[in-house]
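Step one of this worksheet: look at the structure below.
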Amino acid sequence: MPDPLFNLEGKVALVTGGSRGLGYEMVKAFAARGADIIIASRKLDACEEVAAEVRGMGRKALAVAAHCGRWDDIDRLIEAAYAEFGRIDILVNNAGKGPYLPSHEVAENLFDSVMNLNFKGPFRLAAIVGHRMKQAGGGSIINISSIASLAPMPAVVPYAGAKAALNAMTVSLAAEYGPEVRVNAIAAGPFLTDISKAWSEEARETSDNALGRPGRPEEIVSSALYLASPASSFTTGAILRVDGGMQ
């Protein structure tokens with residue numbers, strides 16, 4: 001049975017970047033608590049694998065291949081979702097990337113790519129879906145940001161800037177689409193997702209935060225469930241830090 005506070009039965013959730021990492025953990029958690037799921041990422045086969053897993057949990061699922069930094073793909077994703085389910089109750093803007101590269105080595109096309117995926121695409125998705133949610137009477141949007149947006153670090157300036165813009169968008173859209181739609185962000189710290197495979201062994205075991213370690217991907221779940229569910233009915237325009245206590 002779903003948790004009383006985190007009951008998502010009858011809800012439809014769209015998660016970008018939902019085929020792996022933090023997105024995958026959120027997909028499983030939402031489905032386990034009753035939600036039907038739309039999984040979007042660039043690789044359709046990976047989305048289909050996760051969709052099959054969701055169906056095995058007794059929920060409906062739709063896999064959609066989409067580049068979440070391109071407005072044409074975003075619009076196609078939205079139409080596919082509404083054609084299949086008729087609504088979206090929960091939107092998680094999770095797809096993103098951020099190369100670690102000295103600022104003077106960042107090429108224009110890389111800068112544009114980082115901004116598109118981390119801000120331009122999420123803006124379009126949240127704007128169109130948020131408007132439809134408001135017309136339908138309610139919904140929750142969760143933007144996956146980064147601690148780099150609050151305490152920018154060397155060699156991640158385009159990524160940090162894009163996530164800072166995502167934070168500003170979160171607060172603005174909460175005001176624009178409220179009270180029907182709640183819009184919040186999770187500022188994630190270091191997590192042991194696929195990107196951590198490129199880290200040193202020390203970085204995978206320790207971190208410069210209060211807990212002294214990176215997060216496990218499943219440790220994003222409780223925060224996402226809180227923001228997705230009625231448990232957070234008085235929370236909107238918030239940037240929730242889930243970073244192990246980074247300074």
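To be explicit about the labels: the chains of the structure tokens are called A, B, and onward in the order shown, and within each one the residues are counted from 1, while ligands get numbers from 1 in the order they are shown.
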Q: Compile the contact shell of range 170-183 of chain A as a PyMOL selection string: residues with an atom at most 10 Å away, counting only C-alpha atoms, same-chain residues fewer than 5 positions apart removed.
A: chain A and resi 89-91+123+126-127+130-143+145+164-165+227-228+232-239
Residues from the last selection, N, CA and C atoms, saved as a compact mmCIF listing (two decimals), in the first residue's frame:
# COMPACT_ATOMS: atom_id res chain seq x y z
N ASP A 89 0.26 15.27 -13.94
CA ASP A 89 0.07 15.80 -12.59
C ASP A 89 1.39 16.17 -11.92
N ILE A 90 2.46 15.46 -12.31
CA ILE A 90 3.78 15.67 -11.72
C ILE A 90 4.79 15.75 -12.85
N LEU A 91 5.57 16.81 -12.88
CA LEU A 91 6.64 16.96 -13.86
C LEU A 91 7.96 17.08 -13.13
N PHE A 123 12.70 25.09 -19.19
CA PHE A 123 11.79 26.24 -19.22
C PHE A 123 10.59 25.95 -20.10
N ALA A 126 8.35 23.16 -18.48
CA ALA A 126 7.62 23.64 -17.30
C ALA A 126 6.57 24.69 -17.67
N ALA A 127 6.88 25.53 -18.65
CA ALA A 127 5.95 26.59 -19.04
C ALA A 127 4.68 26.00 -19.67
N GLY A 130 3.07 23.51 -17.07
CA GLY A 130 2.55 24.28 -15.96
C GLY A 130 1.27 25.02 -16.31
N HIS A 131 1.22 25.58 -17.52
CA HIS A 131 0.01 26.26 -17.98
C HIS A 131 -1.16 25.29 -18.06
N ARG A 132 -0.91 24.11 -18.60
CA ARG A 132 -1.97 23.10 -18.70
C ARG A 132 -2.39 22.59 -17.32
N MET A 133 -1.43 22.44 -16.43
CA MET A 133 -1.76 22.04 -15.06
C MET A 133 -2.68 23.07 -14.40
N LYS A 134 -2.35 24.33 -14.58
CA LYS A 134 -3.16 25.40 -13.98
C LYS A 134 -4.58 25.36 -14.52
N GLN A 135 -4.71 25.18 -15.82
CA GLN A 135 -6.03 25.09 -16.43
C GLN A 135 -6.81 23.89 -15.90
N ALA A 136 -6.08 22.79 -15.61
CA ALA A 136 -6.72 21.56 -15.13
C ALA A 136 -6.99 21.59 -13.63
N GLY A 137 -6.43 22.58 -12.92
CA GLY A 137 -6.74 22.73 -11.51
C GLY A 137 -5.67 22.32 -10.53
N GLY A 138 -4.49 21.86 -11.02
CA GLY A 138 -3.44 21.52 -10.06
C GLY A 138 -2.31 20.72 -10.64
N GLY A 139 -1.21 20.67 -9.90
CA GLY A 139 -0.05 19.89 -10.33
C GLY A 139 1.18 20.30 -9.54
N SER A 140 2.23 19.51 -9.71
CA SER A 140 3.50 19.77 -9.04
C SER A 140 4.64 19.64 -10.03
N ILE A 141 5.51 20.65 -10.05
CA ILE A 141 6.69 20.64 -10.91
C ILE A 141 7.92 20.63 -10.01
N ILE A 142 8.84 19.72 -10.30
CA ILE A 142 10.09 19.61 -9.55
C ILE A 142 11.25 19.79 -10.52
N ASN A 143 12.06 20.79 -10.31
CA ASN A 143 13.24 21.03 -11.13
C ASN A 143 14.48 20.53 -10.39
N SER A 145 17.97 20.85 -9.67
CA SER A 145 19.05 21.81 -9.76
C SER A 145 20.31 21.20 -9.18
N ALA A 164 21.48 28.03 -11.82
CA ALA A 164 21.02 29.23 -11.13
C ALA A 164 19.80 29.83 -11.83
N ALA A 165 19.82 29.79 -13.16
CA ALA A 165 18.66 30.25 -13.92
C ALA A 165 17.46 29.35 -13.65
N LEU A 227 7.96 16.55 -2.45
CA LEU A 227 7.58 17.66 -3.33
C LEU A 227 6.52 17.26 -4.34
N ALA A 228 6.46 15.98 -4.70
CA ALA A 228 5.48 15.52 -5.69
C ALA A 228 4.10 15.33 -5.10
N SER A 232 3.51 18.10 0.66
CA SER A 232 4.15 19.42 0.56
C SER A 232 3.16 20.48 0.09
N SER A 233 1.91 20.37 0.51
CA SER A 233 0.85 21.25 0.00
C SER A 233 1.09 22.74 0.29
N PHE A 234 1.94 23.06 1.28
CA PHE A 234 2.23 24.47 1.60
C PHE A 234 3.66 24.83 1.23
N THR A 235 4.26 24.06 0.32
CA THR A 235 5.63 24.30 -0.11
C THR A 235 5.65 24.60 -1.59
N THR A 236 6.05 25.81 -1.96
CA THR A 236 6.22 26.16 -3.36
C THR A 236 7.24 27.28 -3.48
N GLY A 237 7.92 27.34 -4.62
CA GLY A 237 8.98 28.33 -4.81
C GLY A 237 10.20 28.05 -3.95
N ALA A 238 10.36 26.81 -3.49
CA ALA A 238 11.45 26.46 -2.59
C ALA A 238 12.60 25.79 -3.34
N ILE A 239 13.82 26.02 -2.86
CA ILE A 239 15.02 25.34 -3.36
C ILE A 239 15.50 24.45 -2.22
Name the residues in contact with range 20-31 of chain A at a cut-off of 10 Å, using only C-alpha atoms, excluding same-chain residues fewer than 3 positions from it; report them as a PDB file with N, CA and C atoms, in the first residue's frame.
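What follows is the written file around_18.pdb:
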ATOM      1  N   PRO A   2       0.452   2.300  -0.723  1.00  0.00           N
ATOM      2  CA  PRO A   2       1.245   3.536  -0.728  1.00  0.00           C
ATOM      3  C   PRO A   2       1.334   4.151   0.658  1.00  0.00           C
ATOM      4  N   PHE A   6       2.515   9.963   1.074  1.00  0.00           N
ATOM      5  CA  PHE A   6       3.096   9.999  -0.267  1.00  0.00           C
ATOM      6  C   PHE A   6       2.282   9.174  -1.261  1.00  0.00           C
ATOM      7  N   ASN A   7       0.969   9.218  -1.134  1.00  0.00           N
ATOM      8  CA  ASN A   7       0.095   8.439  -2.010  1.00  0.00           C
ATOM      9  C   ASN A   7      -0.052   9.144  -3.354  1.00  0.00           C
ATOM     10  N   LEU A   8       0.385   8.499  -4.421  1.00  0.00           N
ATOM     11  CA  LEU A   8       0.309   9.080  -5.761  1.00  0.00           C
ATOM     12  C   LEU A   8      -0.652   8.311  -6.656  1.00  0.00           C
ATOM     13  N   GLU A   9      -1.550   7.543  -6.070  1.00  0.00           N
ATOM     14  CA  GLU A   9      -2.507   6.774  -6.857  1.00  0.00           C
ATOM     15  C   GLU A   9      -3.357   7.698  -7.722  1.00  0.00           C
ATOM     16  N   LYS A  11      -2.278   9.453 -10.186  1.00  0.00           N
ATOM     17  CA  LYS A  11      -1.478  10.548 -10.733  1.00  0.00           C
ATOM     18  C   LYS A  11      -0.658  10.077 -11.936  1.00  0.00           C
ATOM     19  N   VAL A  12      -0.317  11.028 -12.790  1.00  0.00           N
ATOM     20  CA  VAL A  12       0.548  10.771 -13.941  1.00  0.00           C
ATOM     21  C   VAL A  12       1.795  11.628 -13.800  1.00  0.00           C
ATOM     22  N   ALA A  13       2.959  11.000 -13.835  1.00  0.00           N
ATOM     23  CA  ALA A  13       4.231  11.707 -13.656  1.00  0.00           C
ATOM     24  C   ALA A  13       5.081  11.603 -14.905  1.00  0.00           C
ATOM     25  N   LEU A  14       5.652  12.711 -15.316  1.00  0.00           N
ATOM     26  CA  LEU A  14       6.615  12.757 -16.421  1.00  0.00           C
ATOM     27  C   LEU A  14       7.986  13.063 -15.838  1.00  0.00           C
ATOM     28  N   VAL A  15       8.946  12.186 -16.106  1.00  0.00           N
ATOM     29  CA  VAL A  15      10.300  12.357 -15.597  1.00  0.00           C
ATOM     30  C   VAL A  15      11.270  12.374 -16.773  1.00  0.00           C
ATOM     31  N   THR A  16      11.946  13.497 -16.986  1.00  0.00           N
ATOM     32  CA  THR A  16      12.971  13.536 -18.028  1.00  0.00           C
ATOM     33  C   THR A  16      14.272  12.964 -17.461  1.00  0.00           C
ATOM     34  N   GLY A  17      15.071  12.393 -18.338  1.00  0.00           N
ATOM     35  CA  GLY A  17      16.263  11.713 -17.855  1.00  0.00           C
ATOM     36  C   GLY A  17      15.877  10.573 -16.927  1.00  0.00           C
ATOM     37  N   GLY A  34       1.882   4.376  -6.755  1.00  0.00           N
ATOM     38  CA  GLY A  34       0.627   4.436  -7.483  1.00  0.00           C
ATOM     39  C   GLY A  34       0.578   5.260  -8.742  1.00  0.00           C
ATOM     40  N   ALA A  35       1.652   5.964  -9.115  1.00  0.00           N
ATOM     41  CA  ALA A  35       1.611   6.837 -10.282  1.00  0.00           C
ATOM     42  C   ALA A  35       1.882   6.071 -11.573  1.00  0.00           C
ATOM     43  N   ASP A  36       1.231   6.485 -12.645  1.00  0.00           N
ATOM     44  CA  ASP A  36       1.608   6.072 -13.987  1.00  0.00           C
ATOM     45  C   ASP A  36       2.715   7.007 -14.460  1.00  0.00           C
ATOM     46  N   ILE A  37       3.592   6.503 -15.327  1.00  0.00           N
ATOM     47  CA  ILE A  37       4.841   7.228 -15.594  1.00  0.00           C
ATOM     48  C   ILE A  37       5.095   7.413 -17.086  1.00  0.00           C
ATOM     49  N   ILE A  38       5.576   8.601 -17.439  1.00  0.00           N
ATOM     50  CA  ILE A  38       6.162   8.864 -18.762  1.00  0.00           C
ATOM     51  C   ILE A  38       7.657   9.010 -18.552  1.00  0.00           C
ATOM     52  N   ILE A  39       8.432   8.167 -19.230  1.00  0.00           N
ATOM     53  CA  ILE A  39       9.896   8.199 -19.111  1.00  0.00           C
ATOM     54  C   ILE A  39      10.460   8.789 -20.399  1.00  0.00           C
ATOM     55  N   ALA A  40      11.232   9.849 -20.273  1.00  0.00           N
ATOM     56  CA  ALA A  40      11.802  10.515 -21.447  1.00  0.00           C
ATOM     57  C   ALA A  40      13.308  10.622 -21.318  1.00  0.00           C
ATOM     58  N   SER A  41      14.007  10.277 -22.392  1.00  0.00           N
ATOM     59  CA  SER A  41      15.441  10.530 -22.519  1.00  0.00           C
ATOM     60  C   SER A  41      15.782  10.364 -23.994  1.00  0.00           C
ATOM     61  N   ALA A  46      16.522   2.511 -23.779  1.00  0.00           N
ATOM     62  CA  ALA A  46      16.697   2.634 -22.333  1.00  0.00           C
ATOM     63  C   ALA A  46      15.382   3.020 -21.666  1.00  0.00           C
ATOM     64  N   CYS A  47      14.621   3.914 -22.293  1.00  0.00           N
ATOM     65  CA  CYS A  47      13.315   4.302 -21.748  1.00  0.00           C
ATOM     66  C   CYS A  47      12.353   3.120 -21.752  1.00  0.00           C
ATOM     67  N   VAL A  50      12.920   0.740 -18.812  1.00  0.00           N
ATOM     68  CA  VAL A  50      12.358   1.244 -17.556  1.00  0.00           C
ATOM     69  C   VAL A  50      10.836   1.192 -17.601  1.00  0.00           C
ATOM     70  N   ALA A  51      10.242   1.487 -18.768  1.00  0.00           N
ATOM     71  CA  ALA A  51       8.788   1.421 -18.901  1.00  0.00           C
ATOM     72  C   ALA A  51       8.289   0.000 -18.636  1.00  0.00           C
ATOM     73  N   GLU A  53       9.715  -2.164 -16.731  1.00  0.00           N
ATOM     74  CA  GLU A  53       9.837  -2.379 -15.290  1.00  0.00           C
ATOM     75  C   GLU A  53       8.653  -1.758 -14.550  1.00  0.00           C
ATOM     76  N   VAL A  54       8.241  -0.566 -14.971  1.00  0.00           N
ATOM     77  CA  VAL A  54       7.100   0.105 -14.350  1.00  0.00           C
ATOM     78  C   VAL A  54       5.824  -0.704 -14.574  1.00  0.00           C
ATOM     79  N   ARG A  55       5.640  -1.214 -15.782  1.00  0.00           N
ATOM     80  CA  ARG A  55       4.448  -2.041 -16.057  1.00  0.00           C
ATOM     81  C   ARG A  55       4.458  -3.298 -15.209  1.00  0.00           C
ATOM     82  N   MET A  57       5.333  -3.406 -12.301  1.00  0.00           N
ATOM     83  CA  MET A  57       4.889  -2.990 -10.966  1.00  0.00           C
ATOM     84  C   MET A  57       3.382  -2.744 -10.930  1.00  0.00           C
ATOM     85  N   GLY A  58       2.725  -2.982 -12.068  1.00  0.00           N
ATOM     86  CA  GLY A  58       1.283  -2.809 -12.128  1.00  0.00           C
ATOM     87  C   GLY A  58       0.811  -1.431 -12.536  1.00  0.00           C
ATOM     88  N   ARG A  59       1.717  -0.599 -13.039  1.00  0.00           N
ATOM     89  CA  ARG A  59       1.364   0.753 -13.450  1.00  0.00           C
ATOM     90  C   ARG A  59       1.473   0.898 -14.968  1.00  0.00           C
ATOM     91  N   LYS A  60       0.831   1.898 -15.526  1.00  0.00           N
ATOM     92  CA  LYS A  60       0.960   2.215 -16.937  1.00  0.00           C
ATOM     93  C   LYS A  60       2.250   3.010 -17.155  1.00  0.00           C
ATOM     94  N   ALA A  61       2.829   2.862 -18.336  1.00  0.00           N
ATOM     95  CA  ALA A  61       4.072   3.586 -18.624  1.00  0.00           C
ATOM     96  C   ALA A  61       4.165   3.900 -20.102  1.00  0.00           C
ATOM     97  N   ILE A  90       2.456  15.464 -12.308  1.00  0.00           N
ATOM     98  CA  ILE A  90       3.780  15.668 -11.717  1.00  0.00           C
ATOM     99  C   ILE A  90       4.789  15.755 -12.855  1.00  0.00           C
ATOM    100  N   VAL A  92       8.913  16.235 -13.517  1.00  0.00           N
ATOM    101  CA  VAL A  92      10.266  16.329 -12.968  1.00  0.00           C
ATOM    102  C   VAL A  92      11.226  16.670 -14.099  1.00  0.00           C
ATOM    103  N   ASN A  93      11.769  17.880 -14.067  1.00  0.00           N
ATOM    104  CA  ASN A  93      12.806  18.303 -15.012  1.00  0.00           C
ATOM    105  C   ASN A  93      14.149  17.813 -14.471  1.00  0.00           C
ATOM    106  N   ASN A  94      14.533  16.612 -14.868  1.00  0.00           N
ATOM    107  CA  ASN A  94      15.730  15.990 -14.310  1.00  0.00           C
ATOM    108  C   ASN A  94      16.886  15.915 -15.301  1.00  0.00           C
ATOM    109  N   ALA A  95      16.596  15.843 -16.589  1.00  0.00           N
ATOM    110  CA  ALA A  95      17.666  15.704 -17.588  1.00  0.00           C
ATOM    111  C   ALA A  95      18.625  16.882 -17.503  1.00  0.00           C
ATOM    112  N   ILE A 144      15.246  19.667 -11.029  1.00  0.00           N
ATOM    113  CA  ILE A 144      16.451  19.145 -10.391  1.00  0.00           C
ATOM    114  C   ILE A 144      17.603  20.095 -10.684  1.00  0.00           C
ATOM    115  N   ALA A 188      20.746  19.380  -5.842  1.00  0.00           N
ATOM    116  CA  ALA A 188      21.425  18.126  -5.525  1.00  0.00           C
ATOM    117  C   ALA A 188      22.929  18.329  -5.366  1.00  0.00           C
ATOM    118  N   PHE A 191      26.225  12.891  -6.150  1.00  0.00           N
ATOM    119  CA  PHE A 191      25.559  11.596  -6.072  1.00  0.00           C
ATOM    120  C   PHE A 191      26.323  10.583  -6.906  1.00  0.00           C
ATOM    121  N   LEU A 192      26.256   9.336  -6.478  1.00  0.00           N
ATOM    122  CA  LEU A 192      26.980   8.262  -7.155  1.00  0.00           C
ATOM    123  C   LEU A 192      26.182   7.729  -8.342  1.00  0.00           C
ATOM    124  N   THR A 193      25.937   8.616  -9.312  1.00  0.00           N
ATOM    125  CA  THR A 193      25.296   8.238 -10.561  1.00  0.00           C
ATOM    126  C   THR A 193      26.382   7.917 -11.590  1.00  0.00           C
ATOM    127  N   ASP A 194      25.985   7.787 -12.850  1.00  0.00           N
ATOM    128  CA  ASP A 194      26.953   7.409 -13.886  1.00  0.00           C
ATOM    129  C   ASP A 194      28.144   8.356 -13.957  1.00  0.00           C
ATOM    130  N   ILE A 195      27.897   9.633 -13.677  1.00  0.00           N
ATOM    131  CA  ILE A 195      28.986  10.610 -13.774  1.00  0.00           C
ATOM    132  C   ILE A 195      30.112  10.304 -12.799  1.00  0.00           C
ATOM    133  N   ARG A 216      23.880   8.262  -2.248  1.00  0.00           N
ATOM    134  CA  ARG A 216      23.445   7.133  -3.069  1.00  0.00           C
ATOM    135  C   ARG A 216      22.231   7.584  -3.874  1.00  0.00           C
ATOM    136  N   PRO A 217      22.083   7.178  -5.131  1.00  0.00           N
ATOM    137  CA  PRO A 217      20.972   7.673  -5.952  1.00  0.00           C
ATOM    138  C   PRO A 217      19.605   7.551  -5.298  1.00  0.00           C
ATOM    139  N   GLU A 218      19.372   6.460  -4.571  1.00  0.00           N
ATOM    140  CA  GLU A 218      18.063   6.272  -3.949  1.00  0.00           C
ATOM    141  C   GLU A 218      17.792   7.282  -2.838  1.00  0.00           C
ATOM    142  N   GLU A 219      18.822   8.010  -2.397  1.00  0.00           N
ATOM    143  CA  GLU A 219      18.625   8.983  -1.325  1.00  0.00           C
ATOM    144  C   GLU A 219      17.965  10.282  -1.815  1.00  0.00           C
ATOM    145  N   ILE A 220      17.691  10.373  -3.112  1.00  0.00           N
ATOM    146  CA  ILE A 220      16.931  11.511  -3.639  1.00  0.00           C
ATOM    147  C   ILE A 220      15.438  11.292  -3.464  1.00  0.00           C
ATOM    148  N   VAL A 221      15.034  10.035  -3.234  1.00  0.00           N
ATOM    149  CA  VAL A 221      13.639   9.632  -3.328  1.00  0.00           C
ATOM    150  C   VAL A 221      12.728  10.349  -2.337  1.00  0.00           C
ATOM    151  N   SER A 222      13.103  10.401  -1.071  1.00  0.00           N
ATOM    152  CA  SER A 222      12.198  10.978  -0.075  1.00  0.00           C
ATOM    153  C   SER A 222      11.914  12.451  -0.358  1.00  0.00           C
ATOM    154  N   SER A 223      12.916  13.188  -0.810  1.00  0.00           N
ATOM    155  CA  SER A 223      12.713  14.607  -1.133  1.00  0.00           C
ATOM    156  C   SER A 223      11.799  14.764  -2.339  1.00  0.00           C
ATOM    157  N   ALA A 224      11.998  13.920  -3.360  1.00  0.00           N
ATOM    158  CA  ALA A 224      11.151  13.985  -4.548  1.00  0.00           C
ATOM    159  C   ALA A 224       9.709  13.613  -4.218  1.00  0.00           C
ATOM    160  N   LEU A 225       9.528  12.590  -3.389  1.00  0.00           N
ATOM    161  CA  LEU A 225       8.177  12.194  -2.999  1.00  0.00           C
ATOM    162  C   LEU A 225       7.484  13.301  -2.210  1.00  0.00           C
ATOM    163  N   ALA A 228       6.459  15.984  -4.705  1.00  0.00           N
ATOM    164  CA  ALA A 228       5.478  15.523  -5.693  1.00  0.00           C
ATOM    165  C   ALA A 228       4.097  15.326  -5.095  1.00  0.00           C
ATOM    166  N   SER A 229       4.035  15.066  -3.800  1.00  0.00           N
ATOM    167  CA  SER A 229       2.805  14.623  -3.168  1.00  0.00           C
ATOM    168  C   SER A 229       2.110  15.735  -2.390  1.00  0.00           C
TER     169      SER A 229
END
- Query: DSSP says strand (DSSP E or B) for which residues of range 32-243 of chain A? Put them as a PyMOL selection string?
  - Reply: chain A and resi 36-41+61-65+90-93+139-146+181-188+191+209+215+239-242
Taking the DSSP secondary structure from the backbone, can you list the residues of range 4-202 of chain A that are alpha helix (DSSP H), as number ranges by chain? A: 21-32, 44-56, 71-85, 108-115, 121-136, 157-177, 201-202
Min atom-atom distance to Met169 in chain A from the set A:Val156, A:Ala185, A:Leu211, A:Leu240, counting only C-alpha atoms, belongs to A:Ala185
Between CA of Glu205 in chain A and CA of Ala187 in chain A lies a distance of 20.6 Å
**Asked** Any idea what's packed within 12 Å of Leu110 in chain A, counting only C-alpha atoms, ignoring anything in its chain fewer than 4 positions away? Could you give it as a count of residues only?
**Response** 16
query = In Å, how far is it from CA of Arg241 in chain A to CA of Gly215 in chain A?
reply =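 Separation of CA of Arg241 in chain A and CA of Gly215 in chain A: 12.3 Å.
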Check: Separation of CA of Ser149 in chain A and CA of Asn167 in chain A, in Å?
Finding: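 CA of Asn167 in chain A lies at a distance of 7.8 Å from CA of Ser149 in chain A.
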